[in-house]
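> Here's a structure for you.
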Amino acid sequence: MPARSIEQIRNLCKRRGFVFPGSAAYGGLGSFWDYGPLGTELLNNVKRAWWRDVVYKRDDVEGLDAAILMSRKVWQHSGHEGTFQDPLVHSKKTGKPYRLDKLLSEQQQPVVAKLFQAVVMQPSNDSRWQDFARVLTYVTPEEAKDDEYALAQAIAREQSGSYQIDPSNRDAYVNAVIRLLNKSALQPECVAFGVTVDAIAKYLVRGSSQNLLTSAGVVERGDTGQTANAADWTEARRFNLMFVSHTGPVEAAAGTAEELASRVYLRPETAQGIFMNFAHVQRSLARKIPFGIAQVGKAFRNEITPGNFIFRTREFEQMEIEFFIKPPQFVREGEKTDVQWHDEWIKQRYEWWLGLGVDGQRLRQREQAADELAHYSKRTVDLEYLFPEFGWGEVEGIANRTDYDLSAHSRDVPEADLKRLKLEPNSDSVEKFDYFDPDAKARYIPWVIEPSAGATRAMLAFLCEAYHEELTKEPPQAEVEAIKAETPAVIKNAQKKQKDAEKESDPSKRKRDPAAIAAFCTALEEAATRLPQSLLEINALLEDHPGAQNLEPVKKLLPKVGKLAEDCTRVVLRLHPTLAPIKLAVFPLKANKAEIVDIAKRIKHQFQGFFRTVYDDSAGIGRLYRRQDEIGTPWCITVDFQTLEDNTVTVRERDSMQQQRLPMDQLKDYFLTRLHM
RNA sequence: GCGGGUGUAGCUCAGUGGUAGAGCAUCACGUUGCCAACGUGAUGGUCGUGGGUUCGAGUCCCAUCACCCGCUCCA
């Protein structure tokens with residue numbers, strides 16, 4: 001039985017040293033994770049398997065490891081800075097994003113005042129008030145008549161809790177502040193009130209902006225597809241996708257020239273490091289197109305909503321290839337076009353996942369729709385894995401990035417190309433990332449196919465795929481019969497609930513879905529006929545079906561099923577041997593027999609230089625096997641009394657649990673062959 | 001941001017206003033000839049944090065923090 005929830009995986013990871021919550025001593029830090037001894041091995045194995053496949057086994061790919069921090073100009077010209085820095089709202093009609101602060105600043109002052117009124121008049125004590133209190137303190141006497149300033153200050157003090165405005169005078173106070181806003185709120189030269197517009201935008205980002213946008217009539221223009229209909233707008237969000245830091249000591253305020261001059265971003269993708277080095281690699285290794293550059297490394301995105309364990313984190317690891325090819329107009333008869341290269345990479349990457357043990361039923365290719373394509377992409381196909389609980393999730397994207405990136409970073413790009421790629425001329429760059437093609441006898445900027453996989457996501461997918469709970473021994477007949485005897489009572493009880501649910505004629509008011517209950521009953525009845533093999537399925541049914549645990553017969557039955565299941569079950573990670581964190585565990589059958597212990601330790605020593613090998617004698621042999629099963633160790637060797645007589649040991653295979661005796665001098669061949677080493 | 005949930009031993013979790021608990025794990029001693037053996041004993045806790053109610057709070061109330069799930073969102 002495969003993993004039913006991410007929770008199971010997370011527990012196993014924590015318990016056995018794969019992945020720990022980050023900064024745990026201080027209560028944790030949202031969705032940052034530390035990789036423990038086994039997780040490090042597994043992740044390294046994933047990366048190594050990838051590297052071996054796309055670099056070693058090919059004749060046309062080189063490796064690279066570029067710096068995480070790069071010039072800010074890289075991100076300006078790649079398009080990442082402009083797209084992600086500002087609060088955005090999306091028009092649901094056109095699908096286009098709009099900068100909220102820009103929208104606001106285009107509005108007439110009464111609109112903003114109205115908006116402000118909607119904000120201030122809202123009876124609320126949440127933290128948004130405090131934001132406004134802070135904003136209001138930016139209003140200085142020089143910018144307002146004294147009385148209005150005083151009124152604004154009074155409101156500010158009230159928001160911060162240090163002052164109580166007489167309710168009967170409240171409107172007068174608020175109107176005073178609105179008058180202030182009407183005077184200068186949208187004057188760009190007025191710094192203080194410039195902050196106000198930003199603050200309103202910020203407020204809208206955090207609050208329920210839809211109604212406010214509408215009530216204030218902020219978006220009443222028709223020319224860009226904007227409407228005042230709240231349903232046509234998504235909530236505003238600040239897309240600070242890139243983490244900001246600075247090189248050198250900087251104390252300047254954010255947004256000033258001094259601050260911008262030293263600003264750096266933690267890279268949100270590894271790709272740009274490859275583009276920056278395209279010419280270096282091409283020249284220094286005398287590469288001819290087509291060829292690719294592969295890189296594994298950390299990337300950082302300040303995601304709005306991280307989650308699902310290590311699936312979406314703000315710090316993650318990518319495995320990316322940029323594969324450089326001829327632009328379509330230079331492709332000759334018999335050569336592959338960009339479309340063909342793209343298809344080929346999709347196929348090859350798909351097969352990589354299958355080759356490492358992912359079932360084709362849980363891996364699919366999904367074409368990205370036109371409106372979800374990134375700004376650089378002509379076509380992207382995602383490889384998605386069917387995770388437990390949250391379903392299909394992207395583990396790799398294979399994009400046709402055309403010549404967008406290399407053109408964006410090049411000077412002197414012909415105007416026609418700039419227009420085609422919707423790029424501005426690049427006056428910052430001193431380089432032109434073009435290539436002289438000796439066959440075509442022409443210079444061109446190459447096109448790029450980009451297979452980009454998530455290393456940490458891959459690790460999660462492989463863990464989910466490998467996780468199995470299975471029966472290892474026949475449960476006692478009597479207890480199985482007892483469970484069989486009790487299931488009709490559960491079904492009867494559930495059917496009663498189903499009838500109750502059906503009595504409520506309005507489906508939206510039903511507490512339970514009758515169809516779901518019916519499905520539960522059918523599944524349970526069917527599973528009961530397959531006992532004892534179906535023991536774990538029944539356990540899962542009773543545990544997972546919503547509301548099932550409230551049924552009286554289930555309360556009686558579930559503990560019995562759970563106990564029996566636990567007693568007769570093992571957890572096993574059926575990881576591909578290439579990925580397994582530990583390849584081999586060596587045990588002495590008896591820990592207090594010196595000769596046996598000695599031989600076991602010698603075998604461990606023999607292999608530890610080739611791959612991760614462990615020695616363990618801290619429990620009975622059965623328990624030692626189970627421990628290794630749970631962390632996916634494909635082979636265990638047990639040294640026993642017969643070893644002392646004939647130099648053979650037993651090799652126990654994880655998935656089948658079968659053992660065979662092998663002479664010790666054949667062990668090396670046996671394992672190295674199986675690990676393709 | 002909204003809604004829901006959780007927070008007690010290293011892990012998984014019980015806990016009815018009245019002495020802080022179990023299983024697993026760890027350590028010690030004994031026992032142990034192949035699939036989670038057993039016995040005896042031991043270590044381990046400011047019950048997320050701060051207030052309050054109470055003679056007495058893990059338990060009730062308020063606040064706060066963190067994490068998880070859902071919604072929104074995710075070039």
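Note on naming: chains are A, B, ... as they come in the structure tokens, residues start from 1 per chain, ligands start from 1 in the order shown.
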Taking only C-alpha atoms (C1' of nucleotides) into account and nothing else, which residues of chain B lie no more than 10 Å away from chain A? Please answer as a PyMOL selection string.
chain B and resi 1-2+10-12+25+32-37+48+65-69+72-75
> Considering only C-alpha atoms (C1' of nucleotides), return as a ChimeraX atom specification whatever protein or nucleic-acid residues lie within 7 Å of segment 260-268 of chain A, sequence-local ones (same chain, fewer than 3 positions apart) excluded.
/A:68-72,242-247,255-257,299-301
> Separation of atom CA of Leu667 of chain A and atom CA of Val597 of chain A, in Å?
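Going from atom CA of Leu667 of chain A over to atom CA of Val597 of chain A, I get 17.6 Å.
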> Using only C-alpha atoms (C1' of nucleotides), determine which residues lie at most 7 Å from Val381 of chain A, disregarding the query and same-chain residues fewer than 5 positions distant; provide the list as a PDB file with all heavy atoms, in the first residue's frame.

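Written out: out.pdb:
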ATOM      1  N   GLN A 365       2.830  14.187 -18.653  1.00  0.00           N
ATOM      2  CA  GLN A 365       3.293  15.393 -19.330  1.00  0.00           C
ATOM      3  C   GLN A 365       2.099  16.322 -19.478  1.00  0.00           C
ATOM      4  O   GLN A 365       1.050  15.906 -19.919  1.00  0.00           O
ATOM      5  CB  GLN A 365       3.851  15.045 -20.708  1.00  0.00           C
ATOM      6  CG  GLN A 365       5.020  14.084 -20.634  1.00  0.00           C
ATOM      7  CD  GLN A 365       5.456  13.612 -22.000  1.00  0.00           C
ATOM      8  OE1 GLN A 365       5.083  14.177 -23.017  1.00  0.00           O
ATOM      9  NE2 GLN A 365       6.258  12.563 -22.013  1.00  0.00           N
ATOM     10  N   ARG A 366       2.315  17.558 -19.075  1.00  0.00           N
ATOM     11  CA  ARG A 366       1.197  18.493 -19.185  1.00  0.00           C
ATOM     12  C   ARG A 366       1.633  19.744 -19.935  1.00  0.00           C
ATOM     13  O   ARG A 366       2.614  20.389 -19.598  1.00  0.00           O
ATOM     14  CB  ARG A 366       0.690  18.892 -17.801  1.00  0.00           C
ATOM     15  CG  ARG A 366      -0.648  19.635 -17.843  1.00  0.00           C
ATOM     16  CD  ARG A 366      -1.046  20.096 -16.458  1.00  0.00           C
ATOM     17  NE  ARG A 366      -0.157  21.140 -15.964  1.00  0.00           N
ATOM     18  CZ  ARG A 366      -0.343  22.443 -16.224  1.00  0.00           C
ATOM     19  NH1 ARG A 366      -1.357  22.853 -16.938  1.00  0.00           N
ATOM     20  NH2 ARG A 366       0.509  23.335 -15.735  1.00  0.00           N
ATOM     21  N   GLU A 367       0.902  20.036 -20.955  1.00  0.00           N
ATOM     22  CA  GLU A 367       1.185  21.205 -21.778  1.00  0.00           C
ATOM     23  C   GLU A 367       0.745  22.458 -21.019  1.00  0.00           C
ATOM     24  O   GLU A 367      -0.396  22.533 -20.568  1.00  0.00           O
ATOM     25  CB  GLU A 367       0.370  21.062 -23.072  1.00  0.00           C
ATOM     26  CG  GLU A 367       0.727  22.007 -24.166  1.00  0.00           C
ATOM     27  CD  GLU A 367       1.937  21.539 -24.956  1.00  0.00           C
ATOM     28  OE1 GLU A 367       2.161  20.320 -25.061  1.00  0.00           O
ATOM     29  OE2 GLU A 367       2.660  22.414 -25.460  1.00  0.00           O
ATOM     30  N   GLN A 368       1.650  23.425 -20.859  1.00  0.00           N
ATOM     31  CA  GLN A 368       1.226  24.669 -20.218  1.00  0.00           C
ATOM     32  C   GLN A 368       0.353  25.479 -21.174  1.00  0.00           C
ATOM     33  O   GLN A 368       0.668  25.617 -22.347  1.00  0.00           O
ATOM     34  CB  GLN A 368       2.439  25.502 -19.812  1.00  0.00           C
ATOM     35  CG  GLN A 368       3.037  25.084 -18.481  1.00  0.00           C
ATOM     36  CD  GLN A 368       3.939  26.144 -17.888  1.00  0.00           C
ATOM     37  OE1 GLN A 368       3.997  27.281 -18.372  1.00  0.00           O
ATOM     38  NE2 GLN A 368       4.648  25.788 -16.838  1.00  0.00           N
ATOM     39  N   GLY A 397      10.039  21.197 -15.613  1.00  0.00           N
ATOM     40  CA  GLY A 397       9.437  21.899 -16.733  1.00  0.00           C
ATOM     41  C   GLY A 397      10.435  21.918 -17.874  1.00  0.00           C
ATOM     42  O   GLY A 397      11.624  22.166 -17.665  1.00  0.00           O
ATOM     43  N   ILE A 398       9.982  21.600 -19.069  1.00  0.00           N
ATOM     44  CA  ILE A 398      10.881  21.657 -20.223  1.00  0.00           C
ATOM     45  C   ILE A 398      10.364  22.768 -21.132  1.00  0.00           C
ATOM     46  O   ILE A 398       9.295  22.643 -21.721  1.00  0.00           O
ATOM     47  CB  ILE A 398      10.937  20.304 -20.961  1.00  0.00           C
ATOM     48  CG1 ILE A 398      11.456  19.234 -19.993  1.00  0.00           C
ATOM     49  CG2 ILE A 398      11.882  20.377 -22.151  1.00  0.00           C
ATOM     50  CD1 ILE A 398      10.494  18.146 -19.707  1.00  0.00           C
ATOM     51  N   ALA A 399      11.154  23.860 -21.204  1.00  0.00           N
ATOM     52  CA  ALA A 399      10.688  25.066 -21.880  1.00  0.00           C
ATOM     53  C   ALA A 399      11.507  25.344 -23.128  1.00  0.00           C
ATOM     54  O   ALA A 399      12.711  25.063 -23.171  1.00  0.00           O
ATOM     55  CB  ALA A 399      10.777  26.261 -20.936  1.00  0.00           C
TER      56      ALA A 399
END
> From a DSSP calculation on the backbone, collect every residue of segment 274-324 of chain A in helix (DSSP H, G or I) and output the set as a PyMOL selection string.
chain A and resi 274-276+278-284
> Since we have the selection now, will you write its residues out, keeping all heavy atoms, as a PDB file, in the first residue's frame?

ATOM      1  N   ILE A 274      23.868  30.311 -16.181  1.00  0.00           N
ATOM      2  CA  ILE A 274      24.301  29.602 -17.383  1.00  0.00           C
ATOM      3  C   ILE A 274      24.370  30.556 -18.571  1.00  0.00           C
ATOM      4  O   ILE A 274      25.334  30.562 -19.321  1.00  0.00           O
ATOM      5  CB  ILE A 274      23.357  28.420 -17.689  1.00  0.00           C
ATOM      6  CG1 ILE A 274      23.385  27.415 -16.529  1.00  0.00           C
ATOM      7  CG2 ILE A 274      23.759  27.749 -19.000  1.00  0.00           C
ATOM      8  CD1 ILE A 274      22.487  26.206 -16.734  1.00  0.00           C
ATOM      9  N   PHE A 275      23.348  31.391 -18.737  1.00  0.00           N
ATOM     10  CA  PHE A 275      23.360  32.339 -19.859  1.00  0.00           C
ATOM     11  C   PHE A 275      24.571  33.261 -19.779  1.00  0.00           C
ATOM     12  O   PHE A 275      25.216  33.541 -20.781  1.00  0.00           O
ATOM     13  CB  PHE A 275      22.066  33.158 -19.873  1.00  0.00           C
ATOM     14  CG  PHE A 275      20.845  32.342 -20.159  1.00  0.00           C
ATOM     15  CD1 PHE A 275      19.717  32.428 -19.357  1.00  0.00           C
ATOM     16  CD2 PHE A 275      20.830  31.447 -21.222  1.00  0.00           C
ATOM     17  CE1 PHE A 275      18.597  31.658 -19.617  1.00  0.00           C
ATOM     18  CE2 PHE A 275      19.709  30.667 -21.486  1.00  0.00           C
ATOM     19  CZ  PHE A 275      18.596  30.772 -20.686  1.00  0.00           C
ATOM     20  N   MET A 276      24.878  33.705 -18.557  1.00  0.00           N
ATOM     21  CA  MET A 276      26.020  34.602 -18.382  1.00  0.00           C
ATOM     22  C   MET A 276      27.316  33.930 -18.831  1.00  0.00           C
ATOM     23  O   MET A 276      28.258  34.595 -19.228  1.00  0.00           O
ATOM     24  CB  MET A 276      26.150  35.006 -16.908  1.00  0.00           C
ATOM     25  CG  MET A 276      25.147  36.035 -16.442  1.00  0.00           C
ATOM     26  SD  MET A 276      25.408  37.632 -17.236  1.00  0.00           S
ATOM     27  CE  MET A 276      24.053  37.651 -18.371  1.00  0.00           C
ATOM     28  N   PHE A 278      27.512  31.410 -21.135  1.00  0.00           N
ATOM     29  CA  PHE A 278      27.386  30.718 -22.421  1.00  0.00           C
ATOM     30  C   PHE A 278      28.652  30.870 -23.267  1.00  0.00           C
ATOM     31  O   PHE A 278      29.238  29.890 -23.734  1.00  0.00           O
ATOM     32  CB  PHE A 278      26.178  31.251 -23.198  1.00  0.00           C
ATOM     33  CG  PHE A 278      26.251  30.948 -24.671  1.00  0.00           C
ATOM     34  CD1 PHE A 278      26.045  29.658 -25.123  1.00  0.00           C
ATOM     35  CD2 PHE A 278      26.553  31.944 -25.590  1.00  0.00           C
ATOM     36  CE1 PHE A 278      26.126  29.368 -26.478  1.00  0.00           C
ATOM     37  CE2 PHE A 278      26.635  31.651 -26.947  1.00  0.00           C
ATOM     38  CZ  PHE A 278      26.425  30.365 -27.397  1.00  0.00           C
ATOM     39  N   ALA A 279      29.098  32.102 -23.412  1.00  0.00           N
ATOM     40  CA  ALA A 279      30.247  32.348 -24.293  1.00  0.00           C
ATOM     41  C   ALA A 279      31.534  31.779 -23.688  1.00  0.00           C
ATOM     42  O   ALA A 279      32.374  31.235 -24.399  1.00  0.00           O
ATOM     43  CB  ALA A 279      30.393  33.850 -24.537  1.00  0.00           C
ATOM     44  N   HIS A 280      31.682  31.886 -22.360  1.00  0.00           N
ATOM     45  CA  HIS A 280      32.877  31.339 -21.700  1.00  0.00           C
ATOM     46  C   HIS A 280      33.021  29.849 -21.986  1.00  0.00           C
ATOM     47  O   HIS A 280      34.071  29.359 -22.374  1.00  0.00           O
ATOM     48  CB  HIS A 280      32.802  31.542 -20.182  1.00  0.00           C
ATOM     49  CG  HIS A 280      32.846  32.974 -19.787  1.00  0.00           C
ATOM     50  ND1 HIS A 280      32.188  33.448 -18.679  1.00  0.00           N
ATOM     51  CD2 HIS A 280      33.448  34.039 -20.340  1.00  0.00           C
ATOM     52  CE1 HIS A 280      32.380  34.740 -18.577  1.00  0.00           C
ATOM     53  NE2 HIS A 280      33.150  35.128 -19.573  1.00  0.00           N
ATOM     54  N   VAL A 281      31.921  29.132 -21.730  1.00  0.00           N
ATOM     55  CA  VAL A 281      31.963  27.682 -21.894  1.00  0.00           C
ATOM     56  C   VAL A 281      32.174  27.327 -23.362  1.00  0.00           C
ATOM     57  O   VAL A 281      32.996  26.475 -23.700  1.00  0.00           O
ATOM     58  CB  VAL A 281      30.665  27.037 -21.360  1.00  0.00           C
ATOM     59  CG1 VAL A 281      30.640  25.546 -21.681  1.00  0.00           C
ATOM     60  CG2 VAL A 281      30.541  27.272 -19.868  1.00  0.00           C
ATOM     61  N   GLN A 282      31.459  28.006 -24.221  1.00  0.00           N
ATOM     62  CA  GLN A 282      31.549  27.692 -25.647  1.00  0.00           C
ATOM     63  C   GLN A 282      32.975  27.874 -26.154  1.00  0.00           C
ATOM     64  O   GLN A 282      33.516  27.009 -26.836  1.00  0.00           O
ATOM     65  CB  GLN A 282      30.571  28.600 -26.423  1.00  0.00           C
ATOM     66  CG  GLN A 282      30.427  28.255 -27.890  1.00  0.00           C
ATOM     67  CD  GLN A 282      31.430  29.012 -28.747  1.00  0.00           C
ATOM     68  OE1 GLN A 282      31.660  30.202 -28.543  1.00  0.00           O
ATOM     69  NE2 GLN A 282      32.042  28.307 -29.689  1.00  0.00           N
ATOM     70  N   ARG A 283      33.603  28.981 -25.763  1.00  0.00           N
ATOM     71  CA  ARG A 283      34.962  29.264 -26.253  1.00  0.00           C
ATOM     72  C   ARG A 283      35.998  28.380 -25.590  1.00  0.00           C
ATOM     73  O   ARG A 283      36.854  27.796 -26.231  1.00  0.00           O
ATOM     74  CB  ARG A 283      35.307  30.734 -26.024  1.00  0.00           C
ATOM     75  CG  ARG A 283      34.709  31.656 -27.075  1.00  0.00           C
ATOM     76  CD  ARG A 283      35.373  33.028 -27.040  1.00  0.00           C
ATOM     77  NE  ARG A 283      35.015  33.779 -25.843  1.00  0.00           N
ATOM     78  CZ  ARG A 283      34.028  34.677 -25.808  1.00  0.00           C
ATOM     79  NH1 ARG A 283      33.308  34.916 -26.890  1.00  0.00           N
ATOM     80  NH2 ARG A 283      33.755  35.324 -24.710  1.00  0.00           N
ATOM     81  N   SER A 284      35.914  28.243 -24.254  1.00  0.00           N
ATOM     82  CA  SER A 284      36.995  27.558 -23.539  1.00  0.00           C
ATOM     83  C   SER A 284      37.005  26.065 -23.832  1.00  0.00           C
ATOM     84  O   SER A 284      38.023  25.411 -23.710  1.00  0.00           O
ATOM     85  CB  SER A 284      36.883  27.814 -22.042  1.00  0.00           C
ATOM     86  OG  SER A 284      35.653  27.339 -21.555  1.00  0.00           O
TER      87      SER A 284
END
> For the strand (DSSP E or B) assignment from backbone DSSP, which residues of segment 406-473 of chain A qualify? Please present them as a list in words.
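After running DSSP on the backbone, segment 406-473 of chain A has strand (DSSP E or B) at Tyr435, Phe436, Asp437, Ala442, Arg443, Tyr444, Trp447, Val448, Ile449, Glu450, Pro451, Ser452, Ala453, Gly454, Tyr467, His468, Glu469, Glu470 and Leu471 of chain A.
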